[in-house]
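Below is coords_21.csv, holding CSV, C-alpha atoms.
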chain,number,residue,atom,x,y,z
A,14,MET,CA,157.4,87.7,90.9
A,15,GLU,CA,154.3,87.9,93.0
A,16,ARG,CA,152.3,89.9,90.6
A,17,ARG,CA,152.9,87.4,87.8
A,18,ASP,CA,151.9,84.6,90.0
A,19,LEU,CA,148.8,86.3,91.0
A,20,LEU,CA,147.9,87.1,87.4
A,21,LYS,CA,148.6,83.5,86.4
A,22,THR,CA,146.5,82.1,89.2
A,23,ALA,CA,143.6,84.5,88.6
A,24,GLY,CA,143.6,84.0,84.8
A,25,GLY,CA,143.8,80.2,85.2
A,26,THR,CA,141.0,80.1,87.6
A,27,PHE,CA,138.8,82.3,85.5
A,28,LEU,CA,139.4,80.3,82.4
A,29,ALA,CA,138.8,77.0,84.2
A,30,ALA,CA,135.6,78.3,85.8
A,31,THR,CA,134.1,79.7,82.6
A,32,SER,CA,135.0,76.8,80.4
A,33,GLY,CA,133.8,74.4,83.1
A,34,VAL,CA,130.5,76.1,83.3
A,35,TYR,CA,130.2,76.2,79.5
A,36,ALA,CA,131.1,72.6,79.1
A,37,PHE,CA,128.7,71.6,81.8
A,38,ARG,CA,125.8,73.5,80.1
A,39,MET,CA,126.6,72.2,76.7
A,40,LEU,CA,126.9,68.6,77.9
A,41,THR,CA,123.8,68.6,80.0
A,42,ALA,CA,121.7,70.6,77.5
A,43,SER,CA,118.5,68.8,76.6
A,44,SER,CA,116.6,69.7,73.6
A,45,ALA,CA,113.5,70.1,75.7
A,46,GLY,CA,113.7,73.9,75.6
A,47,TRP,CA,114.1,74.1,71.9
A,48,THR,CA,111.3,71.9,70.7
A,49,SER,CA,107.8,73.1,70.7
A,50,PRO,CA,106.3,73.1,74.2
A,51,ASP,CA,103.3,71.4,72.7
A,52,ARG,CA,104.0,67.8,72.5
A,53,GLN,CA,101.3,67.3,70.0
A,54,LEU,CA,103.0,69.5,67.5
A,55,ALA,CA,106.2,67.5,67.5
A,56,SER,CA,104.5,64.2,67.0
A,57,ARG,CA,102.9,65.1,63.7
A,58,ARG,CA,104.2,65.1,60.2
A,59,TRP,CA,101.9,66.8,57.8
A,60,GLY,CA,101.9,65.6,54.2
A,61,MET,CA,99.7,65.8,51.2
A,62,VAL,CA,98.5,63.5,48.5
A,63,ILE,CA,97.2,64.9,45.2
A,64,ASP,CA,95.2,62.6,43.1
A,65,LEU,CA,95.7,63.8,39.6
A,66,THR,CA,93.2,61.2,38.3
A,67,LYS,CA,90.5,63.0,40.2
A,68,CYS,CA,91.7,66.5,39.5
A,69,ARG,CA,89.6,68.2,36.8
A,70,PRO,CA,91.9,70.3,34.5
A,71,GLU,CA,89.5,73.2,34.1
A,72,CYS,CA,88.5,73.4,37.8
A,73,THR,CA,90.1,76.2,39.8
A,74,ALA,CA,88.4,75.6,43.2
A,75,CYS,CA,91.6,75.1,45.2
A,76,LEU,CA,93.4,78.0,43.5
A,77,ASP,CA,90.6,80.4,44.3
A,78,ALA,CA,90.1,79.1,47.8
A,79,CYS,CA,93.8,79.5,48.6
A,80,ARG,CA,93.8,83.0,47.2
A,81,THR,CA,90.8,84.1,49.2
A,82,GLU,CA,91.7,82.4,52.4
A,83,ASN,CA,95.2,83.7,52.6
A,84,ASN,CA,94.9,87.0,50.8
A,85,VAL,CA,97.4,86.0,48.2
A,86,ALA,CA,98.3,88.9,46.0
A,87,PHE,CA,96.9,89.0,42.5
A,88,HIS,CA,97.3,92.0,40.2
A,89,GLY,CA,96.7,90.5,36.8
A,90,ASP,CA,100.4,91.2,36.1
A,91,GLU,CA,102.6,88.1,35.6
A,92,ARG,CA,105.5,89.9,37.1
A,93,TYR,CA,103.8,90.5,40.5
A,94,ASP,CA,101.3,87.7,40.8
A,95,ILE,CA,101.8,85.2,43.5
A,96,HIS,CA,100.5,81.7,43.3
A,97,TRP,CA,100.8,79.6,46.4
A,98,ILE,CA,99.2,76.8,44.5
A,99,ARG,CA,99.2,76.6,40.7
A,100,LYS,CA,98.4,74.4,37.8
A,101,ALA,CA,100.9,73.3,35.2
A,102,LYS,CA,100.4,71.5,32.0
A,103,LEU,CA,102.7,68.6,31.3
A,104,ARG,CA,103.4,67.6,27.7
A,105,SER,CA,105.4,64.6,26.7
A,106,GLY,CA,107.5,66.2,24.1
A,107,GLU,CA,107.5,66.9,20.4
A,108,GLY,CA,105.4,64.5,18.4
A,109,SER,CA,104.3,62.4,21.3
A,110,VAL,CA,100.8,61.1,21.4
A,111,ALA,CA,100.5,61.0,25.1
A,112,PRO,CA,97.8,63.4,26.3
A,113,GLU,CA,98.5,66.6,28.1
A,114,LYS,CA,98.4,66.2,31.9
A,115,THR,CA,97.4,68.9,34.3
A,116,MET,CA,99.3,69.0,37.5
A,117,LEU,CA,99.1,70.9,40.7
A,118,LEU,CA,102.2,72.5,42.1
A,119,LEU,CA,102.7,74.0,45.5
A,120,CYS,CA,105.3,74.0,48.3
A,121,ASN,CA,106.2,70.5,49.0
A,122,HIS,CA,107.0,71.0,52.7
A,123,CYS,CA,110.2,69.0,52.4
A,124,ASP,CA,111.6,67.3,55.4
A,125,LYS,CA,115.0,68.7,54.4
A,126,PRO,CA,113.9,72.0,53.0
A,127,PRO,CA,116.7,73.8,51.1
A,128,CYS,CA,114.8,77.1,51.6
A,129,ALA,CA,115.1,76.8,55.4
A,130,GLN,CA,118.6,75.8,55.1
A,131,VAL,CA,119.7,78.9,53.2
A,132,CYS,CA,117.6,81.5,55.0
A,133,PRO,CA,120.1,83.8,56.5
A,134,VAL,CA,117.9,84.9,59.3
A,135,GLN,CA,115.9,81.7,59.8
A,136,ALA,CA,112.7,83.4,58.9
A,137,THR,CA,111.9,80.3,56.8
A,138,TYR,CA,112.0,77.3,58.9
A,139,ARG,CA,110.6,73.8,59.2
A,140,ARG,CA,108.1,73.6,62.1
A,141,GLN,CA,108.2,70.6,64.4
A,142,ASP,CA,105.1,69.2,62.6
A,143,GLY,CA,106.7,69.3,59.2
A,144,ILE,CA,105.3,72.5,57.8
A,145,VAL,CA,107.7,74.8,56.2
A,146,ILE,CA,106.6,78.3,57.1
A,147,VAL,CA,107.8,81.8,56.8
A,148,ASP,CA,107.9,84.2,59.7
A,149,HIS,CA,107.2,87.4,57.9
A,150,HIS,CA,108.2,89.5,60.8
A,151,ARG,CA,111.7,88.3,60.4
A,152,CYS,CA,112.0,87.9,56.6
A,153,ILE,CA,114.4,90.4,55.1
A,154,GLY,CA,113.4,89.7,51.5
A,155,CYS,CA,116.7,88.6,50.3
A,156,ARG,CA,115.0,85.9,48.2
A,157,TYR,CA,117.7,83.3,48.8
A,158,CYS,CA,114.9,80.8,49.5
A,159,MET,CA,113.4,81.4,46.1
A,160,ILE,CA,116.7,80.5,44.5
A,161,ALA,CA,117.1,77.5,46.7
A,162,CYS,CA,113.7,76.0,46.1
A,163,PRO,CA,113.9,73.4,43.4
A,164,TYR,CA,110.2,73.4,42.9
A,165,ASN,CA,109.8,77.1,42.2
A,166,ALA,CA,107.2,77.2,44.9
A,167,ARG,CA,108.3,80.5,46.6
A,168,PHE,CA,107.3,83.9,45.5
A,169,PHE,CA,108.4,87.4,46.3
A,170,ASN,CA,105.8,90.0,47.3
A,171,PHE,CA,106.5,92.9,45.1
A,172,LYS,CA,103.2,94.7,45.6
A,173,ASP,CA,100.8,93.8,48.4
A,174,ASN,CA,97.3,92.8,47.7
A,175,GLU,CA,94.9,95.7,47.2
A,176,GLU,CA,91.9,93.7,48.3
A,177,TRP,CA,91.7,92.0,51.6
A,178,PRO,CA,89.2,89.1,51.1
A,179,ASN,CA,89.8,87.4,54.4
A,180,LYS,CA,90.1,90.0,57.1
A,181,ALA,CA,90.6,87.4,59.8
A,182,ARG,CA,94.0,86.5,58.3
A,183,PRO,CA,96.9,88.9,57.8
A,184,LYS,CA,98.2,89.6,54.4
A,185,ARG,CA,101.9,90.0,53.6
A,186,SER,CA,103.4,93.4,52.8
A,187,HIS,CA,105.8,94.1,50.0
A,188,GLY,CA,109.3,92.9,50.6
A,189,VAL,CA,108.9,89.4,51.9
A,190,ALA,CA,109.1,86.0,50.4
A,191,GLU,CA,106.0,83.8,50.8
A,192,ALA,CA,104.8,80.4,49.9
A,193,CYS,CA,102.1,77.9,50.8
A,194,HIS,CA,102.1,77.1,54.5
A,195,LEU,CA,99.5,74.3,54.2
A,196,CYS,CA,97.1,76.6,56.0
A,197,ALA,CA,98.9,76.1,59.2
A,198,HIS,CA,96.4,78.3,61.0
A,199,ARG,CA,93.7,75.8,60.0
A,200,LEU,CA,95.7,72.7,60.8
A,201,ASP,CA,96.5,74.1,64.2
A,202,GLN,CA,92.9,74.4,65.0
A,203,GLY,CA,91.9,71.0,63.6
A,204,SER,CA,90.4,71.9,60.2
A,205,MET,CA,91.7,71.1,56.8
A,206,PRO,CA,93.5,73.6,54.5
A,207,ALA,CA,91.4,75.8,52.3
A,208,CYS,CA,92.3,74.0,49.1
A,209,VAL,CA,91.4,70.6,50.5
A,210,GLU,CA,88.0,71.8,51.7
A,211,ALA,CA,87.3,73.5,48.4
A,212,CYS,CA,88.2,70.4,46.5
A,213,ASP,CA,85.9,68.3,48.7
A,214,ARG,CA,83.1,70.8,48.3
A,215,GLY,CA,83.6,70.8,44.6
A,216,GLY,CA,83.1,67.1,44.4
A,217,SER,CA,86.6,66.0,43.2
A,218,GLY,CA,88.2,65.1,46.5
A,219,ALA,CA,91.6,65.1,44.8
A,220,LEU,CA,93.5,66.6,47.7
A,221,LEU,CA,94.3,64.9,50.9
A,222,VAL,CA,96.2,66.3,53.8
A,223,GLY,CA,97.1,64.2,56.8
A,224,ASP,CA,99.6,63.1,59.4
A,225,LEU,CA,102.2,60.9,57.8
A,226,SER,CA,103.6,59.8,61.1
A,227,ASP,CA,100.3,58.3,62.1
A,228,PRO,CA,100.1,54.8,60.6
A,229,GLY,CA,96.4,54.7,60.9
A,230,SER,CA,95.6,57.9,59.0
A,231,GLU,CA,94.2,57.9,55.6
A,232,ILE,CA,97.2,59.5,54.0
A,233,SER,CA,99.5,56.9,55.4
A,234,ARG,CA,97.3,54.2,53.9
A,235,VAL,CA,97.2,55.9,50.5
A,236,VAL,CA,101.0,56.5,50.5
A,237,GLU,CA,101.7,52.9,51.3
A,238,GLN,CA,99.1,51.2,49.2
A,239,THR,CA,98.7,53.2,46.0
A,240,PRO,CA,101.6,54.0,43.7
A,241,VAL,CA,102.6,57.5,44.5
A,242,LYS,CA,105.3,59.7,43.1
A,243,ARG,CA,107.0,62.8,44.3
A,244,ILE,CA,108.7,65.5,42.3
A,245,ARG,CA,112.5,65.1,42.1
A,246,PRO,CA,113.0,63.0,45.2
A,247,ASP,CA,116.5,62.5,43.9
A,248,LEU,CA,117.4,65.9,45.0
A,249,GLY,CA,117.3,64.8,48.6
A,250,THR,CA,114.8,67.3,49.8
A,251,ASP,CA,112.4,64.6,51.0
A,252,PRO,CA,109.3,66.4,49.7
A,253,LYS,CA,106.0,65.4,51.4
A,254,VAL,CA,103.6,66.1,48.6
A,255,TYR,CA,102.8,62.8,46.8
A,256,TYR,CA,101.1,62.5,43.5
A,257,VAL,CA,98.8,59.7,42.3
A,258,GLY,CA,98.6,59.4,38.6
A,259,LEU,CA,101.6,61.4,37.7
B,8,MET,CA,149.5,141.2,81.0
B,9,ALA,CA,148.1,143.5,78.4
B,10,SER,CA,145.8,146.2,79.6
B,11,GLU,CA,143.2,145.3,77.0
B,12,GLU,CA,140.6,142.8,78.2
B,13,THR,CA,139.1,140.7,75.5
B,14,SER,CA,135.7,139.3,76.1
B,15,SER,CA,136.7,135.7,75.9
B,16,GLY,CA,140.3,135.4,76.8
B,17,GLY,CA,142.1,134.9,80.0
B,18,GLY,CA,141.4,132.5,82.9
B,19,ARG,CA,137.8,133.2,84.0
B,20,ARG,CA,136.1,134.1,80.7
B,21,PRO,CA,135.4,130.6,79.4
B,22,ALA,CA,133.3,129.9,82.5
B,23,ARG,CA,130.7,132.1,81.1
B,24,LEU,CA,130.3,130.0,77.9
B,25,THR,CA,130.2,126.8,80.0
B,26,VAL,CA,127.4,128.2,82.1
B,27,LEU,CA,125.5,129.2,79.0
B,28,LEU,CA,125.9,125.7,77.6
B,29,ILE,CA,124.6,124.1,80.8
B,30,VAL,CA,121.7,126.4,80.9
B,31,LEU,CA,120.8,125.6,77.2
B,32,LEU,CA,121.1,121.9,77.9
B,33,LEU,CA,118.7,122.1,80.9
B,34,VAL,CA,116.0,124.0,78.9
B,35,PRO,CA,114.1,120.8,77.8
B,36,PHE,CA,114.0,119.5,81.3
B,37,ALA,CA,112.8,122.8,82.6
B,38,TYR,CA,110.1,122.8,79.9
B,39,SER,CA,108.8,119.5,81.2
B,40,VAL,CA,109.0,120.5,84.8
B,41,VAL,CA,107.2,123.8,84.2
B,42,GLY,CA,104.7,121.9,82.0
B,43,ARG,CA,103.6,119.9,84.9
B,44,PHE,CA,102.3,122.9,86.8
B,45,VAL,CA,100.8,124.8,83.9
B,46,PRO,CA,97.2,123.9,83.7
B,47,LYS,CA,96.3,121.7,80.8
B,48,GLY,CA,93.4,122.3,78.5
B,49,THR,CA,94.6,123.7,75.3
B,50,ALA,CA,96.9,121.2,73.6
B,51,SER,CA,96.2,117.5,73.1
B,52,ASP,CA,98.1,116.4,76.2
B,53,GLU,CA,95.3,114.1,77.1
B,54,VAL,CA,95.2,110.7,75.6
B,55,PHE,CA,91.8,109.3,75.6
B,56,LEU,CA,91.4,105.6,75.2
B,57,GLU,CA,87.8,104.8,74.5
B,58,ARG,CA,86.3,102.5,77.1
B,59,PRO,CA,84.7,99.8,75.0
B,60,PRO,CA,81.3,98.3,75.5
B,61,ALA,CA,82.1,95.3,77.7
B,62,LYS,CA,81.9,92.1,75.7
B,63,TYR,CA,84.0,90.2,78.2
B,64,LYS,CA,84.3,90.7,81.9
B,65,ARG,CA,87.8,91.9,81.8
B,66,CYS,CA,90.8,92.1,79.5
B,67,VAL,CA,93.5,89.4,79.5
B,68,LYS,CA,95.8,91.7,81.5
B,69,GLY,CA,95.2,94.8,83.7
B,70,THR,CA,95.4,98.3,82.5
B,71,ASP,CA,98.8,99.0,84.2
B,72,TYR,CA,100.3,95.9,82.7
B,73,MET,CA,99.0,96.8,79.2
B,74,ARG,CA,100.2,100.4,79.4
B,75,TYR,CA,103.7,99.3,80.1
B,76,HIS,CA,104.0,95.9,78.6
B,77,HIS,CA,101.4,95.3,75.8
B,78,TRP,CA,104.1,95.2,73.2
B,79,GLU,CA,105.9,92.5,75.1
B,80,LEU,CA,102.7,90.6,75.3
B,81,LEU,CA,102.1,90.9,71.6
B,82,ARG,CA,105.7,89.9,70.8
B,83,GLU,CA,105.5,86.8,73.0
B,84,THR,CA,102.2,85.8,71.6
B,85,ARG,CA,103.5,86.2,68.1
B,86,GLU,CA,106.5,84.0,68.9
B,87,GLN,CA,104.3,81.3,70.3
B,88,VAL,CA,101.8,81.4,67.5
B,89,VAL,CA,104.1,81.8,64.5
B,90,ARG,CA,107.1,79.7,65.5
B,91,TYR,CA,105.4,77.1,67.6
B,92,GLY,CA,101.8,77.1,66.4
B,93,ILE,CA,100.3,77.4,69.9
B,94,ARG,CA,97.2,79.5,69.6
B,95,GLY,CA,95.9,80.6,72.9
B,96,GLU,CA,93.5,83.1,74.3
B,97,ILE,CA,95.4,86.1,73.2
B,98,ALA,CA,94.9,87.2,69.6
B,99,LEU,CA,94.6,90.5,67.9
B,100,ASP,CA,91.2,89.5,66.6
B,101,ARG,CA,90.0,89.1,70.2
B,102,CYS,CA,91.3,92.5,71.2
B,103,ARG,CA,89.4,93.8,68.3
B,104,GLU,CA,86.2,92.4,69.7
B,105,CYS,CA,86.0,95.0,72.4
B,106,HIS,CA,88.4,97.7,71.2
B,107,GLN,CA,86.9,98.1,67.8
B,108,LYS,CA,88.3,101.2,66.3
B,109,ARG,CA,92.0,101.7,66.0
B,110,GLU,CA,91.9,105.5,65.9
B,111,ARG,CA,90.1,105.5,69.2
B,112,PHE,CA,92.3,103.1,70.9
B,113,CYS,CA,95.7,102.1,69.5
B,114,ASP,CA,96.4,105.3,67.6
B,115,GLN,CA,95.6,107.5,70.5
B,116,CYS,CA,98.8,106.7,72.4
B,117,HIS,CA,100.8,105.9,69.3
B,118,SER,CA,100.1,109.3,67.6
B,119,ALA,CA,100.7,111.1,70.8
B,120,VAL,CA,104.2,109.8,71.0
B,121,SER,CA,104.6,109.7,67.2
B,122,LEU,CA,105.1,106.0,67.0
B,123,THR,CA,104.0,104.1,63.9
B,124,PRO,CA,104.1,100.3,64.5
B,125,ASP,CA,104.1,98.4,61.2
B,126,CYS,CA,101.6,95.8,62.4
B,127,PHE,CA,98.5,97.2,60.7
B,128,HIS,CA,100.0,97.0,57.2
B,129,CYS,CA,99.3,93.3,57.3
B,130,HIS,CA,97.0,92.7,60.3
B,131,TYR,CA,93.5,94.0,59.9
B,132,TYR,CA,92.5,96.6,62.5
B,133,PRO,CA,90.1,99.2,61.2

If you took the structure in this file and wrote it as structure tokens, what would it be?
Amino acid sequence: MERRDLLKTAGGTFLAATSGVYAFRMLTASSAGWTSPDRQLASRRWGMVIDLTKCRPECTACLDACRTENNVAFHGDERYDIHWIRKAKLRSGEGSVAPEKTMLLLCNHCDKPPCAQVCPVQATYRRQDGIVIVDHHRCIGCRYCMIACPYNARFFNFKDNEEWPNKARPKRSHGVAEACHLCAHRLDQGSMPACVEACDRGGSGALLVGDLSDPGSEISRVVEQTPVKRIRPDLGTDPKVYYVGL
Amino acid sequence: MASEETSSGGGRRPARLTVLLIVLLLVPFAYSVVGRFVPKGTASDEVFLERPPAKYKRCVKGTDYMRYHHWELLRETREQVVRYGIRGEIALDRCRECHQKRERFCDQCHSAVSLTPDCFHCHYYP
């Protein structure tokens, strides 16, 4: 019976040791290694306020600025064009006298993003500072995020852009899903997204991007004091784009 | 035992095929060994990386490191920038400030080993 005893002892010891180590690691694991090493990133929560009362319906400053800054594909073909930010006309229904409203739609950078939840490879994810961004190196182009997004803010790159207006920024190649990332490259370096700057330059000043977790920031003040609405907050996605005058 | 001898029957005949197989397998290795001693000059064995006009004192890493690890450096930088938003000293744009032309720098080695990295489809490098 000696061999059986040996095997039992050896197997038991091995099992105990490995499960002990595993349990120890799991119980003492801190989230320090998983969050961004940069403390500053984790302490922010980027949001946006769009003031539709200031937005001029015929102005396309933000749309053009976004397209140029981020090399967003435009072919003149509705099937292939990508719009990270777009304008929509809202009508009140048949026979209503309410005037048509123009509204700006873009990725809402939800705090509970369904796109990040469904991405099978975690190419789409919510960064620590609240921006929902796509890692195009990892995206496999399954388009599940496009199905999941309730705001239709995500687009698939069928044909990459022929022009390259902003050579300092990469463009996406065909086969990945893309959406507005709130000009994360600009926010990381302290400037404002291209659309916000263009709107300010154009004189409307309808777009405002700021840190929602900072109680002293302008955006927090606007969100608290003026009546703001979000699109479909009932869906539970916690969108972070607020509309004034919707 | 029959008096006829076939060319590949019996006990010692298969050894000839084995020897032939081993010799054939060693041909590529022999090629590279012999190639070391044959004087170069004809084919494009040389890879010439253009030495750029020095804009900075030195590169972020040394030549030896870059030769063997530049892709790891790029991958780590990509991870830091894309997933954590930490933008540091290392960026492809900054490499481009000194090493201006891709065909005289990146493509030299890449073409020599017939490697086509997909980076340049999206990232601008002339």

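Between chain B and the residues A:Leu220, A:Ala197, A:Cys68, A:Met159, the shortest atom-to-atom distance, using all atoms listed in the file, involves A:Ala197.
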
### Task
List the residues sitting within 10 Å of (104.0, 52.5, 40.9) in the file's frame, using all atoms listed in the file, as JSON, numbers by chain.
{"A": [238, 239, 240, 241, 242, 257, 258, 259]}

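Nearest to Asp100 (chain B) of all the residues A:Ala181, A:Ile160, A:Val145, A:Leu20 is A:Ala181, based on all atoms listed in the file.
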
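Using all atoms listed in the file, the chain A residues found within 6 Å of chain B amount to Ser49, Lys180, Pro183, Lys184 and Arg185 of chain A.
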
Expected file: the selected residues, C-alpha atoms, as a compact mmCIF listing (two decimals), keeping the file's coordinate frame:
# COMPACT_ATOMS: atom_id res chain seq x y z
CA SER A 49 107.80 73.10 70.70
CA LYS A 180 90.10 90.00 57.10
CA PRO A 183 96.90 88.90 57.80
CA LYS A 184 98.20 89.60 54.40
CA ARG A 185 101.90 90.00 53.60

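In this model, the gap between CA of Ala129 (chain A) and CA of Pro124 (chain B) comes to 27.5 Å.
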
Report the closest atom pair, with its distance in Å rounded to one decimal, for each residue of region 143-231 of chain A that has an atom no farther than 10 Å from region 82-106 of chain A; count all atoms listed in the file, sort by chain and then rising residue number, and write it as CSV.
residue,atom,partner,partner_atom,distance
A:Ala166,CA,A:Trp97,CA,7.0
A:Arg167,CA,A:Trp97,CA,7.6
A:Phe168,CA,A:Ile95,CA,6.0
A:Phe169,CA,A:Ile95,CA,7.5
A:Asn170,CA,A:Tyr93,CA,7.1
A:Phe171,CA,A:Tyr93,CA,5.8
A:Lys172,CA,A:Tyr93,CA,6.6
A:Asp173,CA,A:Ala86,CA,6.0
A:Asn174,CA,A:Ala86,CA,4.4
A:Glu175,CA,A:Ala86,CA,7.7
A:Glu176,CA,A:Asn84,CA,7.8
A:Trp177,CA,A:Asn84,CA,6.0
A:Pro178,CA,A:Asn84,CA,6.1
A:Asn179,CA,A:Glu82,CA,5.7
A:Lys180,CA,A:Asn84,CA,8.5
A:Ala181,CA,A:Glu82,CA,9.0
A:Arg182,CA,A:Asn83,CA,6.5
A:Pro183,CA,A:Asn84,CA,7.5
A:Lys184,CA,A:Asn84,CA,5.5
A:Arg185,CA,A:Val85,CA,8.1
A:Ser186,CA,A:Ala86,CA,9.6
A:His187,CA,A:Ala86,CA,10.0
A:Glu191,CA,A:Trp97,CA,8.0
A:Ala192,CA,A:Trp97,CA,5.4
A:Cys193,CA,A:Trp97,CA,4.9
A:His194,CA,A:Trp97,CA,8.6
A:Leu195,CA,A:Trp97,CA,9.5
A:Cys196,CA,A:Asn83,CA,8.1
A:Pro206,CA,A:Glu82,CA,9.2
A:Ala207,CA,A:Glu82,CA,6.6
A:Cys208,CA,A:Ile98,CA,8.8

### Message
I'd like the contact shell of Asp224 (chain A) - 6 Å cut-off, all atoms listed in the file, skipping same-chain residues fewer than 2 positions apart - returned as a PyMOL selection string.
### Response
chain A and resi 57-59+226-227

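Atom pair CA of Leu122 (chain B) / CA of Tyr63 (chain B): separated by 28.6 Å.
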
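From CA of Pro112 (chain A) back to CA of Thr73 (chain A), the distance works out to 20.1 Å.
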
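For the residues A:Leu248, A:Val62, A:Ala136, A:Pro127, ranking by smallest atom-to-atom distance to Gly223 (chain A) using all atoms listed in the file places A:Val62 first.
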
### Task
Please provide the set of residues having any atom within 7 Å of region 152-157 of chain A, restricted to only C-alpha atoms, with same-chain residues fewer than 6 positions apart removed, written as a PyMOL selection string.
chain A and resi 131-132+136+188-190

Quick one: residues within 7 Å of Ala74 (chain A), all atoms listed in the file, excluding same-chain residues fewer than 5 positions away - as a PDB file with C-alpha atoms, keeping the file's coordinate frame?
ATOM      1  CA  ALA A 211      87.300  73.500  48.400  1.00  0.00           C
ATOM      2  CA  CYS A 212      88.200  70.400  46.500  1.00  0.00           C
ATOM      3  CA  GLY A 215      83.600  70.800  44.600  1.00  0.00           C
TER       4      GLY A 215
END

What would region 239-257 of chain A look like with N, CA and C atoms restored, written as an mmCIF file, in the coordinates of the input?
data_model
loop_
_atom_site.group_PDB
_atom_site.id
_atom_site.type_symbol
_atom_site.label_atom_id
_atom_site.label_comp_id
_atom_site.auth_asym_id
_atom_site.auth_seq_id
_atom_site.Cartn_x
_atom_site.Cartn_y
_atom_site.Cartn_z
ATOM 1 N N THR A 239 98.817 52.829 47.427
ATOM 2 C CA THR A 239 98.700 53.200 46.000
ATOM 3 C C THR A 239 100.080 53.642 45.504
ATOM 4 N N PRO A 240 100.319 53.489 44.207
ATOM 5 C CA PRO A 240 101.600 54.000 43.700
ATOM 6 C C PRO A 240 101.628 55.484 43.620
ATOM 7 N N VAL A 241 102.504 56.056 44.413
ATOM 8 C CA VAL A 241 102.600 57.500 44.500
ATOM 9 C C VAL A 241 103.991 57.938 44.036
ATOM 10 N N LYS A 242 104.032 59.145 43.514
ATOM 11 C CA LYS A 242 105.300 59.700 43.100
ATOM 12 C C LYS A 242 105.505 61.043 43.736
ATOM 13 N N ARG A 243 106.755 61.430 43.903
ATOM 14 C CA ARG A 243 107.000 62.800 44.300
ATOM 15 C C ARG A 243 107.861 63.466 43.259
ATOM 16 N N ILE A 244 107.900 64.769 43.294
ATOM 17 C CA ILE A 244 108.700 65.500 42.300
ATOM 18 C C ILE A 244 110.136 65.513 42.714
ATOM 19 N N ARG A 245 111.003 65.057 41.880
ATOM 20 C CA ARG A 245 112.500 65.100 42.100
ATOM 21 C C ARG A 245 112.868 64.664 43.476
ATOM 22 N N PRO A 246 112.512 63.441 43.852
ATOM 23 C CA PRO A 246 113.000 63.000 45.200
ATOM 24 C C PRO A 246 114.508 62.764 45.157
ATOM 25 N N ASP A 247 115.086 62.680 43.951
ATOM 26 C CA ASP A 247 116.500 62.500 43.900
ATOM 27 C C ASP A 247 117.330 63.633 44.384
ATOM 28 N N LEU A 248 116.679 64.779 44.534
ATOM 29 C CA LEU A 248 117.400 65.900 45.000
ATOM 30 C C LEU A 248 117.696 65.878 46.494
ATOM 31 N N GLY A 249 117.049 64.934 47.177
ATOM 32 C CA GLY A 249 117.300 64.800 48.600
ATOM 33 C C GLY A 249 116.617 65.722 49.503
ATOM 34 N N THR A 250 115.563 66.357 48.988
ATOM 35 C CA THR A 250 114.800 67.300 49.800
ATOM 36 C C THR A 250 113.754 66.609 50.662
ATOM 37 N N ASP A 251 113.440 65.343 50.344
ATOM 38 C CA ASP A 251 112.400 64.600 51.000
ATOM 39 C C ASP A 251 111.047 65.389 50.972
ATOM 40 N N PRO A 252 110.543 65.631 49.796
ATOM 41 C CA PRO A 252 109.300 66.400 49.700
ATOM 42 C C PRO A 252 108.136 65.501 50.285
ATOM 43 N N LYS A 253 107.111 66.181 50.784
ATOM 44 C CA LYS A 253 106.000 65.400 51.400
ATOM 45 C C LYS A 253 104.724 65.552 50.651
ATOM 46 N N VAL A 254 104.802 66.026 49.412
ATOM 47 C CA VAL A 254 103.600 66.100 48.600
ATOM 48 C C VAL A 254 103.700 64.921 47.602
ATOM 49 N N TYR A 255 102.740 64.005 47.683
ATOM 50 C CA TYR A 255 102.800 62.800 46.800
ATOM 51 C C TYR A 255 101.721 62.957 45.747
ATOM 52 N N TYR A 256 102.018 62.437 44.591
ATOM 53 C CA TYR A 256 101.100 62.500 43.500
ATOM 54 C C TYR A 256 100.673 61.133 43.048
ATOM 55 N N VAL A 257 99.370 60.981 42.867
ATOM 56 C CA VAL A 257 98.800 59.700 42.300
ATOM 57 C C VAL A 257 98.480 60.013 40.885
#
